[in-house]
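Peer 1: Dropping a structure here in structure tokens format, bear with me for questions.
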Amino acid sequence: MAVRTVLRMGEPLLLQPALPITAFNTPELHALIADMQDTMQSMDGAGIAAPQIGVSLQVVIFGQKEVDGRSNPRYPDAEEVPYTVLINPVLTPVGSAMEEGWEGCLSVPGMRGIVPRYERLQYTGFDTYGNTIDRLVSGFHARVVQHECDHLIGVLYPMRIKNLKDFGFTDVLFPNQDIQDD
Ligand code: NI
């Protein structure tokens with residue numbers, strides 16, 4: 001389909017709560033997901049949410065397609081997360097354990113910050129066809145889901161950073177690593 005412009009932090013739409021999808025398996029939904037996928041792949045993102053391309057609906061995609069066969073250059077050490085289209089998600093933390101980890105965002109290019117996230121969570125929602133998704137996940141998978149679903153409630157990761165000393169430019173924070181500048 002098409003690589004779309006990713007809205008950057010400061011854009012009011014990124015701070016709005018997104019509306020739920022009411023009709024599945026429609027041409028419009030397939031077109032939206034195709035555009036999100038093309039945009040995420042072109043920027044080597046670990047995930048993307050519909051509001052990031054200016055569509056305020058509860059749709060996120062994340063993970064790597066298996067045909068890809070290579071790790072994400074933005075997150076080379078990240079554990080494998082299956083490619084997932086998740087619609088109208090509901091997140092439920094399992095336990096209260098939090099884990100801190102570095103995050104970046106296509107809407108905050110060139111920067112990274114340390115964000116606390118629930119270590120384990122259950123997420124439910126629907127795929128493109130309206131089939132139920134229900135998973136229990138942890139670690140990086142749980143982090144990615146929390147980050148992407150935050151976009152659906154108007155939250156960007158810098159708003160979750162506990163100490164702003166843990167926020168900076170990627171090439172300054174990691175000078176010897178070849179981490180793509182988003
Ligand atoms: Ni993001």
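Order determines the names: the first chain of the structure tokens is A, the second B, and so forth; residues in each chain are numbered 1 upward, and ligands are numbered 1 upward as they are shown.
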Residues within 12 Å of A:Thr22, please, as a list of chain:residue names. Count only C-alpha atoms; anything in the same chain fewer than 4 positions from it doesn't count.

Peer 2: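 Contacts, in chain order: A:Thr26, A:Glu28, A:Leu29, A:Leu57, A:Gln58, A:Val59, A:Ile87, A:Asn88, A:Phe126, A:Thr128, A:Tyr129, A:Gly130.
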
Peer 1: A:Thr84: which residues within 8 Å, counting only C-alpha atoms, same-chain residues fewer than 2 positions away excluded, as a list in words?

Peer 2: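 Everything that qualifies: Ile61, Phe62, Gly63, Pro82, Leu86 and Asp127 of chain A.
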
Peer 1: Give the strand (DSSP E) residues of stretch 131-178 of chain A, as assigned by DSSP on the backbone, as JSON, numbers by chain.

Peer 2: {"A": [132, 133, 134, 135, 136, 137, 138, 167, 168, 169]}

Peer 1: Counting only C-alpha atoms and all ligand atoms, which of A:Gly104, A:Gly139, A:Gly125, A:Pro175 gets nearest to ligand 1?

Peer 2: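 Among the listed residues, A:Gly104 lies closest to ligand 1.
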
Peer 1: Which residues of chain A have any atom within 6 Å of an atom in ligand 1 when counting only C-alpha atoms and all ligand atoms, and what is the closest pair of atoms for each, with the distance in Å to one decimal? Order the rows by chain and rising number and write it as JSON lines.

Peer 2:
```
{"residue": "A:Cys105", "atom": "CA", "partner": "ligand 1", "partner_atom_place_in_ligand_line": "1 (Ni)", "distance": 3.8}
{"residue": "A:Leu106", "atom": "CA", "partner": "ligand 1", "partner_atom_place_in_ligand_line": "1 (Ni)", "distance": 5.6}
{"residue": "A:Ser107", "atom": "CA", "partner": "ligand 1", "partner_atom_place_in_ligand_line": "1 (Ni)", "distance": 6.0}
{"residue": "A:Glu148", "atom": "CA", "partner": "ligand 1", "partner_atom_place_in_ligand_line": "1 (Ni)", "distance": 5.8}
```

Peer 1: Store the residues picked out above, limited to N, CA, C and O atoms, as a PDB file, in the first residue's frame.

Peer 2:
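Resulting contents of selection_12.pdb:
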```
ATOM      1  N   CYS A 105      10.838   5.484  19.994  1.00  0.00           N
ATOM      2  CA  CYS A 105       9.511   5.568  19.367  1.00  0.00           C
ATOM      3  C   CYS A 105       9.657   6.290  18.037  1.00  0.00           C
ATOM      4  O   CYS A 105      10.385   7.279  17.946  1.00  0.00           O
ATOM      5  N   LEU A 106       8.953   5.794  17.028  1.00  0.00           N
ATOM      6  CA  LEU A 106       9.019   6.426  15.709  1.00  0.00           C
ATOM      7  C   LEU A 106       8.492   7.864  15.750  1.00  0.00           C
ATOM      8  O   LEU A 106       8.839   8.675  14.896  1.00  0.00           O
ATOM      9  N   SER A 107       7.706   8.190  16.782  1.00  0.00           N
ATOM     10  CA  SER A 107       7.179   9.550  16.921  1.00  0.00           C
ATOM     11  C   SER A 107       8.113  10.462  17.722  1.00  0.00           C
ATOM     12  O   SER A 107       7.828  11.659  17.867  1.00  0.00           O
ATOM     13  N   GLU A 148       3.004   0.188  22.660  1.00  0.00           N
ATOM     14  CA  GLU A 148       2.091   0.432  21.533  1.00  0.00           C
ATOM     15  C   GLU A 148       0.688   0.784  22.029  1.00  0.00           C
ATOM     16  O   GLU A 148       0.043   1.685  21.481  1.00  0.00           O
TER      17      GLU A 148
END
```

Peer 1: Skipping near chain neighbours, those fewer than 5 positions away, what residues fall within 6 Å of stretch 36-40 of chain A using only C-alpha atoms, listed as a short mmCIF file (atom, residue, chain, number, x, y, z; two decimals) with all heavy atoms, in the first residue's frame?

Peer 2:
```
data_model
loop_
_atom_site.label_atom_id
_atom_site.label_comp_id
_atom_site.auth_asym_id
_atom_site.auth_seq_id
_atom_site.Cartn_x
_atom_site.Cartn_y
_atom_site.Cartn_z
N VAL A 3 3.77 3.91 2.37
CA VAL A 3 4.47 4.36 3.57
C VAL A 3 3.90 5.74 3.92
O VAL A 3 3.90 6.64 3.09
CB VAL A 3 6.00 4.46 3.32
CG1 VAL A 3 6.69 5.13 4.49
CG2 VAL A 3 6.57 3.07 3.06
N ARG A 4 3.38 5.87 5.12
CA ARG A 4 2.73 7.12 5.53
C ARG A 4 3.67 7.94 6.42
O ARG A 4 4.61 7.41 7.01
CB ARG A 4 1.44 6.79 6.30
CG ARG A 4 0.48 5.91 5.51
CD ARG A 4 -0.56 6.74 4.81
NE ARG A 4 -1.46 7.34 5.78
CZ ARG A 4 -2.68 6.84 6.10
NH1 ARG A 4 -3.10 5.75 5.51
NH2 ARG A 4 -3.43 7.44 7.00
N GLY A 45 10.72 -0.19 12.67
CA GLY A 45 10.11 -0.07 13.98
C GLY A 45 9.80 -1.43 14.58
O GLY A 45 9.60 -2.40 13.85
#
```

Peer 1: Rank A:Phe167, A:Phe140, A:Tyr123, A:Tyr157 by their smallest atom-to-atom distance to A:Val90, using only C-alpha atoms, and report the top residue only.

Peer 2: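 The shortest atom-to-atom distance to A:Val90 comes from A:Tyr123.
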